[in-house]
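Text of the file run_34.cif, holding mmCIF, C-alpha atoms:
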```
data_input
loop_
_atom_site.group_PDB
_atom_site.id
_atom_site.type_symbol
_atom_site.label_atom_id
_atom_site.label_comp_id
_atom_site.auth_asym_id
_atom_site.auth_seq_id
_atom_site.Cartn_x
_atom_site.Cartn_y
_atom_site.Cartn_z
ATOM 1 C CA MET A 1 68.538 69.537 126.947
ATOM 2 C CA ARG A 2 70.601 66.605 125.803
ATOM 3 C CA VAL A 3 70.804 63.086 127.124
ATOM 4 C CA THR A 4 73.318 62.686 129.926
ATOM 5 C CA SER A 5 75.168 59.548 128.929
ATOM 6 C CA PHE A 6 78.481 58.284 127.661
ATOM 7 C CA VAL A 7 77.235 58.465 124.123
ATOM 8 C CA VAL A 8 75.931 61.975 124.300
ATOM 9 C CA THR A 9 78.037 63.385 127.105
ATOM 10 C CA LEU A 10 80.726 62.119 124.957
ATOM 11 C CA PRO A 11 79.192 64.839 124.167
ATOM 12 C CA PHE A 12 79.368 64.378 120.533
ATOM 13 C CA LEU A 13 78.243 61.113 119.293
ATOM 14 C CA PHE A 14 74.831 60.089 118.092
ATOM 15 C CA LEU A 15 73.311 63.577 117.959
ATOM 16 C CA LEU A 16 71.274 63.605 114.811
ATOM 17 C CA VAL A 17 72.873 65.807 112.171
ATOM 18 C CA ALA A 18 70.534 65.126 109.273
ATOM 19 C CA CYS A 19 66.936 63.943 109.102
ATOM 20 C CA GLY A 20 64.849 61.821 106.772
ATOM 21 C CA THR A 21 66.094 60.092 103.668
ATOM 22 C CA LYS A 22 68.041 63.068 102.328
ATOM 23 C CA ALA A 23 71.226 62.079 104.159
ATOM 24 C CA VAL A 24 70.994 58.520 102.840
ATOM 25 C CA ASP A 25 70.392 59.763 99.304
ATOM 26 C CA THR A 26 73.410 62.067 99.578
ATOM 27 C CA THR A 27 75.543 59.187 100.794
ATOM 28 C CA ILE A 28 74.429 56.915 97.955
ATOM 29 C CA ALA A 29 75.129 59.712 95.462
ATOM 30 C CA ALA A 30 78.657 59.882 96.897
ATOM 31 C CA GLY A 31 79.144 56.182 96.122
ATOM 32 C CA GLY A 32 78.033 54.894 99.502
ATOM 33 C CA LYS A 33 77.042 51.255 99.825
ATOM 34 C CA LYS A 34 74.836 49.786 102.532
ATOM 35 C CA MET A 35 76.755 47.087 104.388
ATOM 36 C CA SER A 36 75.371 43.634 105.048
ATOM 37 C CA ALA A 37 75.267 42.037 108.492
ATOM 38 C CA GLU A 38 78.214 39.816 107.591
ATOM 39 C CA ALA A 39 80.292 42.746 106.360
ATOM 40 C CA VAL A 40 79.564 44.847 109.465
ATOM 41 C CA SER A 41 80.432 41.951 111.769
ATOM 42 C CA ALA A 42 83.708 41.297 109.940
ATOM 43 C CA LEU A 43 84.529 45.000 109.919
ATOM 44 C CA VAL A 44 83.945 45.667 113.609
ATOM 45 C CA GLY A 45 84.968 42.455 115.388
ATOM 46 C CA GLY A 46 88.441 42.710 116.916
ATOM 47 C CA ASN A 47 88.959 46.281 115.700
ATOM 48 C CA THR A 48 88.796 49.866 116.963
ATOM 49 C CA LEU A 49 86.264 52.444 115.779
ATOM 50 C CA LYS A 50 87.373 56.077 115.566
ATOM 51 C CA MET A 51 84.000 57.806 115.869
ATOM 52 C CA LYS A 52 83.464 61.452 115.066
ATOM 53 C CA GLU A 53 80.902 64.199 115.059
ATOM 54 C CA TYR A 54 82.152 67.612 113.968
ATOM 55 C CA ASP A 55 85.372 68.279 115.953
ATOM 56 C CA LEU A 56 84.560 65.833 118.772
ATOM 57 C CA GLU A 57 85.769 62.255 118.797
ATOM 58 C CA ALA A 58 85.656 58.941 120.629
ATOM 59 C CA THR A 59 87.540 55.676 120.395
ATOM 60 C CA VAL A 60 85.497 52.485 120.795
ATOM 61 C CA GLU A 61 87.249 49.115 120.889
ATOM 62 C CA CYS A 62 85.027 46.228 119.777
ATOM 63 C CA PHE A 63 86.388 42.966 121.146
ATOM 64 C CA LEU A 64 85.867 39.590 119.536
ATOM 65 C CA ASP A 65 83.791 38.323 122.463
ATOM 66 C CA GLY A 66 81.169 41.020 121.862
ATOM 67 C CA LYS A 67 82.326 43.392 124.597
ATOM 68 C CA LEU A 68 83.422 46.972 123.986
ATOM 69 C CA ALA A 69 85.362 49.707 125.742
ATOM 70 C CA GLY A 70 85.178 53.392 124.866
ATOM 71 C CA VAL A 71 86.768 56.705 125.755
ATOM 72 C CA ASN A 72 85.815 60.128 124.431
ATOM 73 C CA SER A 73 87.679 63.361 123.885
ATOM 74 C CA GLU A 74 86.784 64.455 127.414
ATOM 75 C CA ASN A 75 88.359 61.261 128.779
ATOM 76 C CA THR A 76 84.980 59.843 129.819
ATOM 77 C CA LYS A 77 85.249 56.061 129.784
ATOM 78 C CA THR A 78 82.616 53.375 129.480
ATOM 79 C CA ALA A 79 82.183 49.673 128.767
ATOM 80 C CA GLY A 80 79.424 47.675 127.153
ATOM 81 C CA ARG A 81 78.666 45.301 124.305
ATOM 82 C CA TRP A 82 78.382 45.423 120.531
ATOM 83 C CA GLN A 83 76.264 43.244 118.273
ATOM 84 C CA VAL A 84 74.925 43.024 114.726
ATOM 85 C CA ASP A 85 71.208 42.305 114.464
ATOM 86 C CA GLU A 86 69.103 40.518 111.863
ATOM 87 C CA GLN A 87 68.714 43.725 109.866
ATOM 88 C CA GLY A 88 72.461 44.212 109.603
ATOM 89 C CA ARG A 89 72.461 47.143 112.045
ATOM 90 C CA LEU A 90 75.423 47.739 114.315
ATOM 91 C CA CYS A 91 74.095 47.853 117.877
ATOM 92 C CA LEU A 92 76.152 49.417 120.657
ATOM 93 C CA ARG A 93 75.169 49.042 124.299
ATOM 94 C CA PHE A 94 76.804 51.367 126.813
ATOM 95 C CA LYS A 95 76.585 51.066 130.581
ATOM 96 C CA ARG A 96 75.270 54.149 132.280
ATOM 97 C CA LEU A 97 74.617 54.964 135.954
ATOM 98 C CA GLY A 98 73.475 51.490 136.861
ATOM 99 C CA GLY A 99 71.518 51.133 133.644
ATOM 100 C CA VAL A 100 72.212 50.812 129.953
ATOM 101 C CA GLU A 101 71.508 52.563 126.672
ATOM 102 C CA ASP A 102 71.260 50.922 123.266
ATOM 103 C CA PHE A 103 71.847 52.399 119.821
ATOM 104 C CA CYS A 104 71.383 50.510 116.547
ATOM 105 C CA TYR A 105 72.488 51.926 113.204
ATOM 106 C CA THR A 106 72.555 50.913 109.560
ATOM 107 C CA ILE A 107 76.078 51.354 108.194
ATOM 108 C CA TYR A 108 76.993 52.763 104.779
ATOM 109 C CA GLN A 109 80.570 52.700 103.495
ATOM 110 C CA VAL A 110 82.011 55.591 101.520
ATOM 111 C CA GLY A 111 85.675 54.863 100.825
ATOM 112 C CA ASP A 112 87.462 54.527 104.159
ATOM 113 C CA GLU A 113 84.607 56.212 106.016
ATOM 114 C CA TYR A 114 81.571 54.539 107.542
ATOM 115 C CA ARG A 115 78.364 56.488 108.120
ATOM 116 C CA GLN A 116 75.722 55.617 110.724
ATOM 117 C CA PHE A 117 72.007 56.061 110.064
ATOM 118 C CA THR A 118 68.927 55.627 112.224
ATOM 119 C CA ASP A 119 65.879 53.733 111.000
ATOM 120 C CA ASN A 120 64.409 57.134 110.064
ATOM 121 C CA GLY A 121 67.299 57.756 107.667
ATOM 122 C CA ALA A 122 69.006 60.365 109.858
ATOM 123 C CA GLN A 123 72.785 60.399 109.863
ATOM 124 C CA VAL A 124 74.207 60.446 113.388
ATOM 125 C CA GLY A 125 77.933 60.397 112.778
ATOM 126 C CA THR A 126 80.827 58.731 111.021
ATOM 127 C CA PHE A 127 83.695 56.465 111.922
ATOM 128 C CA THR A 128 86.854 54.994 110.489
ATOM 129 C CA VAL A 129 88.347 51.663 111.513
ATOM 130 C CA GLN A 130 91.757 50.965 112.977
ATOM 131 C CA GLU A 131 92.815 47.344 112.681
ATOM 132 C CA GLY A 132 93.150 45.531 115.985
ATOM 133 C CA ASN A 133 92.624 46.734 119.528
ATOM 134 C CA SER A 134 94.305 46.679 122.918
ATOM 135 C CA ARG A 135 93.181 43.151 123.715
ATOM 136 C CA ASP A 136 92.569 41.090 120.576
ATOM 137 C CA ALA A 137 95.582 40.439 118.403
ATOM 138 C CA ALA A 138 95.498 42.009 114.947
ATOM 139 C CA GLY A 139 94.791 39.479 112.256
ATOM 140 C CA ALA A 140 92.611 37.484 114.630
ATOM 141 C CA SER A 141 90.869 35.917 111.641
ATOM 142 C CA SER A 142 93.249 33.022 112.041
ATOM 143 C CA ARG A 143 91.462 32.112 115.265
ATOM 144 C CA PRO A 144 88.822 29.447 114.732
ATOM 145 C CA GLY A 145 85.300 30.806 114.805
ATOM 146 C CA GLN A 146 86.270 34.487 114.782
ATOM 147 C CA PRO A 147 85.615 37.140 112.130
ATOM 148 C CA SER A 148 88.238 38.581 109.884
ATOM 149 C CA ALA A 149 89.743 41.798 111.243
ATOM 150 C CA SER A 150 91.421 42.744 107.980
ATOM 151 C CA ILE A 151 90.418 45.961 106.230
ATOM 152 C CA ALA A 152 91.472 46.748 102.690
ATOM 153 C CA SER A 153 93.622 49.877 102.625
ATOM 154 C CA SER A 154 91.858 50.957 99.462
ATOM 155 C CA GLY A 155 88.642 51.335 101.437
ATOM 156 C CA SER A 156 86.906 48.564 99.528
ATOM 157 C CA ARG A 157 84.163 46.684 101.278
ATOM 158 C CA PRO A 158 85.621 43.989 103.551
ATOM 159 C CA ALA A 159 85.306 40.475 102.287
ATOM 160 C CA THR A 160 82.489 38.510 103.867
ATOM 161 C CA THR A 161 82.761 34.974 105.154
ATOM 162 C CA SER A 162 80.259 32.372 106.211
ATOM 163 C CA ARG A 163 77.767 33.120 108.948
ATOM 164 C CA GLU A 164 79.377 30.551 111.257
ATOM 165 C CA GLU A 165 82.686 32.457 111.232
ATOM 166 C CA HIS A 166 81.219 35.494 112.960
ATOM 167 C CA PRO A 167 80.664 36.205 116.637
ATOM 168 C CA PRO A 168 77.080 35.787 117.771
ATOM 169 C CA ALA A 169 75.554 38.308 115.416
ATOM 170 C CA TYR A 170 71.839 38.070 114.638
ATOM 171 C CA ASN A 171 71.067 37.549 118.320
ATOM 172 C CA ARG A 172 69.522 40.052 120.661
ATOM 173 C CA LEU A 173 71.834 41.884 122.990
ATOM 174 C CA PRO A 174 71.951 40.198 126.404
ATOM 175 C CA PRO A 175 69.905 41.762 129.205
ATOM 176 C CA PRO A 176 71.695 44.489 131.160
ATOM 177 C CA GLU A 177 73.647 43.384 134.212
ATOM 178 C CA ILE A 178 72.002 46.162 136.260
ATOM 179 C CA HIS A 179 68.614 47.454 135.309
ATOM 180 C CA THR A 180 65.839 49.383 137.045
ATOM 181 C CA GLU A 181 62.654 50.867 135.653
ATOM 182 C CA THR A 182 63.589 54.177 137.271
ATOM 183 C CA ASP A 183 66.888 54.319 135.353
ATOM 184 C CA ILE A 184 65.198 53.580 132.041
ATOM 185 C CA ARG A 185 62.364 56.071 132.592
ATOM 186 C CA PHE A 186 64.847 58.782 133.576
ATOM 187 C CA PHE A 187 66.908 58.091 130.459
ATOM 188 C CA HIS A 188 63.845 58.164 128.183
ATOM 189 C CA LEU A 189 62.556 61.336 129.832
ATOM 190 C CA GLU A 190 65.847 63.131 129.212
ATOM 191 C CA MET A 191 66.056 61.828 125.655
ATOM 192 C CA ALA A 192 62.509 62.951 124.899
ATOM 193 C CA GLN A 193 63.361 66.573 125.660
ATOM 194 C CA ASP A 194 65.509 67.051 122.546
ATOM 195 C CA CYS A 195 66.109 64.140 120.219
ATOM 196 C CA PRO A 196 65.024 64.553 116.582
ATOM 197 C CA GLY A 197 64.527 61.216 114.828
ATOM 198 C CA CYS A 198 65.152 59.162 117.964
ATOM 199 C CA ASN A 199 63.741 55.687 118.471
ATOM 200 C CA LEU A 200 61.366 55.958 121.425
ATOM 201 C CA ALA A 201 58.929 53.303 120.305
ATOM 202 C CA GLY A 202 56.964 51.807 123.178
ATOM 203 C CA VAL A 203 58.403 54.085 125.871
ATOM 204 C CA ASP A 204 56.411 54.794 129.024
ATOM 205 C CA LEU A 205 56.281 58.558 129.534
ATOM 206 C CA GLU A 206 52.862 58.746 131.135
ATOM 207 C CA GLY A 207 52.424 62.075 132.888
ATOM 208 C CA ALA A 208 55.776 63.367 131.668
ATOM 209 C CA ARG A 209 56.472 67.095 131.478
ATOM 210 C CA LEU A 210 57.681 67.645 127.908
ATOM 211 C CA LEU A 211 56.876 71.275 127.178
ATOM 212 C CA ASP A 212 58.637 72.489 124.022
ATOM 213 C CA ALA A 213 60.132 69.032 123.460
ATOM 214 C CA ASN A 214 62.017 68.789 120.165
ATOM 215 C CA LEU A 215 61.132 65.432 118.574
ATOM 216 C CA PRO A 216 60.613 65.908 114.825
ATOM 217 C CA GLY A 217 60.675 62.591 113.001
ATOM 218 C CA ALA A 218 60.885 60.607 116.233
ATOM 219 C CA ASP A 219 59.603 57.041 116.390
ATOM 220 C CA LEU A 220 56.970 57.042 119.145
ATOM 221 C CA ARG A 221 54.914 54.095 117.987
ATOM 222 C CA ARG A 222 52.827 52.636 120.834
ATOM 223 C CA ALA A 223 54.362 55.132 123.268
ATOM 224 C CA ARG A 224 52.501 55.690 126.520
ATOM 225 C CA LEU A 225 52.004 59.449 126.739
ATOM 226 C CA ARG A 226 48.769 59.542 128.688
ATOM 227 C CA ASN A 227 48.349 62.830 130.603
ATOM 228 C CA SER A 228 51.750 64.014 129.418
ATOM 229 C CA ASN A 229 52.328 67.729 128.867
ATOM 230 C CA LEU A 230 53.534 68.221 125.277
ATOM 231 C CA ARG A 231 52.445 71.831 124.971
ATOM 232 C CA SER A 232 54.235 73.551 122.035
ATOM 233 C CA ALA A 233 56.268 70.389 121.351
ATOM 234 C CA ASN A 234 57.793 69.864 117.921
ATOM 235 C CA LEU A 235 56.514 66.479 116.735
ATOM 236 C CA ARG A 236 56.537 67.306 113.049
ATOM 237 C CA GLY A 237 56.628 64.090 111.009
ATOM 238 C CA ALA A 238 56.802 61.932 114.135
ATOM 239 C CA ASN A 239 55.437 58.400 114.080
ATOM 240 C CA LEU A 240 52.809 58.114 116.833
ATOM 241 C CA GLU A 241 51.021 55.093 115.438
ATOM 242 C CA GLY A 242 49.049 53.395 118.192
ATOM 243 C CA ALA A 243 50.292 55.860 120.824
ATOM 244 C CA ASP A 244 48.302 56.391 124.022
ATOM 245 C CA LEU A 245 47.701 60.153 124.169
ATOM 246 C CA ARG A 246 44.628 60.141 126.378
ATOM 247 C CA GLY A 247 44.434 63.377 128.317
ATOM 248 C CA ALA A 248 47.697 64.646 126.830
ATOM 249 C CA ASN A 249 48.204 68.394 126.512
ATOM 250 C CA LEU A 250 49.132 69.007 122.872
ATOM 251 C CA ALA A 251 48.083 72.652 122.776
ATOM 252 C CA GLY A 252 50.192 74.544 120.254
ATOM 253 C CA ALA A 253 52.163 71.427 119.357
ATOM 254 C CA ASN A 254 53.431 70.888 115.815
ATOM 255 C CA LEU A 255 52.158 67.529 114.537
ATOM 256 C CA ALA A 256 52.216 68.433 110.850
ATOM 257 C CA GLY A 257 52.772 65.320 108.773
ATOM 258 C CA ALA A 258 52.757 63.096 111.854
ATOM 259 C CA ASN A 259 51.441 59.548 111.748
ATOM 260 C CA LEU A 260 48.660 59.212 114.328
ATOM 261 C CA THR A 261 47.116 56.071 112.869
ATOM 262 C CA GLY A 262 45.263 54.219 115.587
ATOM 263 C CA ALA A 263 46.360 56.673 118.300
ATOM 264 C CA ASP A 264 44.058 57.265 121.267
ATOM 265 C CA LEU A 265 43.463 61.033 121.633
ATOM 266 C CA THR A 266 40.529 60.829 124.018
ATOM 267 C CA ASP A 267 40.383 64.001 126.153
ATOM 268 C CA ALA A 268 43.624 65.286 124.592
ATOM 269 C CA ASN A 269 43.958 69.061 124.359
ATOM 270 C CA LEU A 270 44.365 69.880 120.659
ATOM 271 C CA THR A 271 43.860 73.631 120.904
ATOM 272 C CA ARG A 272 45.872 75.321 118.129
ATOM 273 C CA THR A 273 47.629 72.015 117.430
ATOM 274 C CA ASP A 274 49.064 71.883 113.909
ATOM 275 C CA LEU A 275 47.735 68.703 112.291
ATOM 276 C CA LYS A 276 48.249 69.710 108.664
ATOM 277 C CA GLY A 277 48.970 66.592 106.635
ATOM 278 C CA ALA A 278 48.796 64.362 109.712
ATOM 279 C CA ASN A 279 47.446 60.837 109.263
ATOM 280 C CA LEU A 280 44.546 60.348 111.687
ATOM 281 C CA ASP A 281 43.230 57.092 110.242
ATOM 282 C CA ASN A 282 41.490 55.076 112.974
ATOM 283 C CA ALA A 283 42.556 57.613 115.621
ATOM 284 C CA ARG A 284 40.150 57.601 118.549
ATOM 285 C CA GLY A 285 38.590 60.378 120.593
ATOM 286 C CA ALA A 286 40.181 63.343 118.795
ATOM 287 C CA ASN A 287 38.429 66.668 119.254
ATOM 288 C CA LEU A 288 39.635 68.629 116.230
ATOM 289 C CA ALA A 289 37.405 71.690 116.684
ATOM 290 C CA ASN A 290 40.277 73.964 117.693
ATOM 291 C CA ALA A 291 43.101 72.264 115.785
ATOM 292 C CA PHE A 292 44.694 73.442 112.539
ATOM 293 C CA ARG A 293 44.006 71.061 109.631
#
```
Show me the file's structure as structure tokens.
Amino acid sequence: MRVTSFVVTLPFLFLLVACGTKAVDTTIAAGGKKMSAEAVSALVGGNTLKMKEYDLEATVECFLDGKLAGVNSENTKTAGRWQVDEQGRLCLRFKRLGGVEDFCYTIYQVGDEYRQFTDNGAQVGTFTVQEGNSRDAAGASSRPGQPSASIASSGSRPATTSREEHPPAYNRLPPPEIHTETDIRFFHLEMAQDCPGCNLAGVDLEGARLLDANLPGADLRRARLRNSNLRSANLRGANLEGADLRGANLAGANLAGANLTGADLTDANLTRTDLKGANLDNARGANLANAFR
């Protein structure tokens, strides 16, 4: 199952196509350079991103006021906001069914191509940049207080300017205009079915039915998974530091290499659970009698 959203019913964008640091290493070996917050802001502001995964595409216009508009190859349209955070990640917020979904990625430049990576080092797609968009005039750098929209045709890294010349990067995205806990839980529940390397830190999935969930390398730090059914789930290499797994059914689950530091496993079913290489430092309540170590 895949997330039903603009970004993934695109349905193309932001599906993880490589995991761990291997994709980053490959990109660096190809001459890729990690972009700074200033460079990302100057690159994106006032321009149009041509995003691609395999043979599927989307066009996302990033306006100078921080808003965005997107359309995919299936003519699904959405609106939202873009931002650059303190870590230099490009954050895209898309409206969805009365709620929102956020994605933040570190950007590496390889020639004219820009590659997006999650915090886990998984590559999720690529994009190229078309100067200008349907609303902001090309060359908007002449406007006071706005970022440069120019992009060197040679594919060289865009020149950076002072922090004051950029739109409000470094700030958190504004709260969604429409937001309900039901929308967010539904979105997280769908994502948690099949989303290798996804950022699900702190999510509330208490009592969720996640049999055979595919979440290798996922970030589930401090996640609330009490009484959830994760039977036969693939959580290989996942980060479950501080997670609440009390009463969770993890029978037959693959947690090899997972980080369970400080997790609460009281009354969790660990029958035939693969915990080879897992970090259980300070984990509480784990009954390992029937687990594989």
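With all atoms listed in the file as the basis for measurement, A:Ala253 is the residue among A:Val203, A:Ala218, A:Ala253, A:Ala283 that approaches Ala233 (chain A) most closely.
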Can I get the residues of region 175-288 of chain A within 12 Å of region 118-139 of chain A, each with the closest pair of atoms and their distance in Å to one decimal, using all atoms listed in the file, sorted chain first then ascending number, as a tab-separated table?
```
residue	atom	partner	partner_atom	distance
A:Cys195	CA	A:Val124	CA	11.2
A:Pro196	CA	A:Ala122	CA	8.9
A:Gly197	CA	A:Asn120	CA	6.3
A:Cys198	CA	A:Thr118	CA	7.7
A:Asn199	CA	A:Asp119	CA	8.0
A:Leu200	CA	A:Asp119	CA	11.6
A:Ala201	CA	A:Asp119	CA	11.6
A:Pro216	CA	A:Asn120	CA	10.7
A:Gly217	CA	A:Asn120	CA	7.2
A:Ala218	CA	A:Asn120	CA	7.9
A:Asp219	CA	A:Asn120	CA	7.9
A:Leu220	CA	A:Asn120	CA	11.7
A:Gly237	CA	A:Asn120	CA	10.5
A:Ala238	CA	A:Asn120	CA	9.9
A:Asn239	CA	A:Asn120	CA	9.9
```
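Near region 67-82 of chain A, within 6 Å and counting all atoms listed in the file, sit A:Leu10, A:Glu57, A:Ala58, A:Thr59, A:Val60, A:Glu61, A:Cys62, A:Cys91, A:Leu92, A:Arg93, A:Phe94, A:Lys95, not including residues fewer than 5 positions from it in the same chain.
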(request) For the point (55.2, 55.0, 119.3) in the file's frame, write as JSON, numbers by chain all residues with an atom no more than 6 Å away, counting all atoms listed in the file. (result) {"A": [201, 202, 219, 220, 221, 222, 223, 240, 241, 243]}
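Across the structure, CA of Arg185 (chain A) and CA of Glu86 (chain A) are spaced 26.8 Å apart.
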(message) If we count all atoms listed in the file and set the cut-off at 10 Å, which residues sit around Arg89 (chain A), ignoring sequence neighbours fewer than 3 positions away in its own chain? Please answer as a count of residues only.
(response) 21
(message) I need the output of the PyMOL selection byres ((chain A and resi 267) around 6) for this file as a PyMOL selection string; which residues are they?
(response) chain A and resi 246-247+266+268
(message) Rounded to one decimal, what separation in Å do you get between CA of Ala213 (chain A) and CA of Thr273 (chain A)?
(response)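 Atom-to-atom, CA of Ala213 (chain A) and CA of Thr273 (chain A) are spaced 14.2 Å apart.
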(message) Please report the interatomic distance between CA of Asp65 (chain A) and CA of Tyr114 (chain A) in Å with one decimal.
(response) 22.1 Å
I'd like to see the residues matched by the PyMOL selection byres ((chain A and resi 227) around 8) on this file, and ideally I'd get them as a PDB file with C-alpha atoms, in the coordinates of the input.
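After the write, selection_13.pdb holds the following:
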```pdb
ATOM      1  CA  GLU A 206      52.862  58.746 131.135  1.00  0.00           C
ATOM      2  CA  GLY A 207      52.424  62.075 132.888  1.00  0.00           C
ATOM      3  CA  ALA A 208      55.776  63.367 131.668  1.00  0.00           C
ATOM      4  CA  LEU A 225      52.004  59.449 126.739  1.00  0.00           C
ATOM      5  CA  ARG A 226      48.769  59.542 128.688  1.00  0.00           C
ATOM      6  CA  SER A 228      51.750  64.014 129.418  1.00  0.00           C
ATOM      7  CA  ASN A 229      52.328  67.729 128.867  1.00  0.00           C
ATOM      8  CA  LEU A 245      47.701  60.153 124.169  1.00  0.00           C
ATOM      9  CA  ARG A 246      44.628  60.141 126.378  1.00  0.00           C
ATOM     10  CA  GLY A 247      44.434  63.377 128.317  1.00  0.00           C
ATOM     11  CA  ALA A 248      47.697  64.646 126.830  1.00  0.00           C
ATOM     12  CA  ASN A 249      48.204  68.394 126.512  1.00  0.00           C
TER      13      ASN A 249
END
```
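Here the question is which of A:Gln109, A:Gln87, A:Thr26, A:Thr261 gets nearest to Leu43 (chain A) using only C-alpha atoms, and that residue is A:Gln109.
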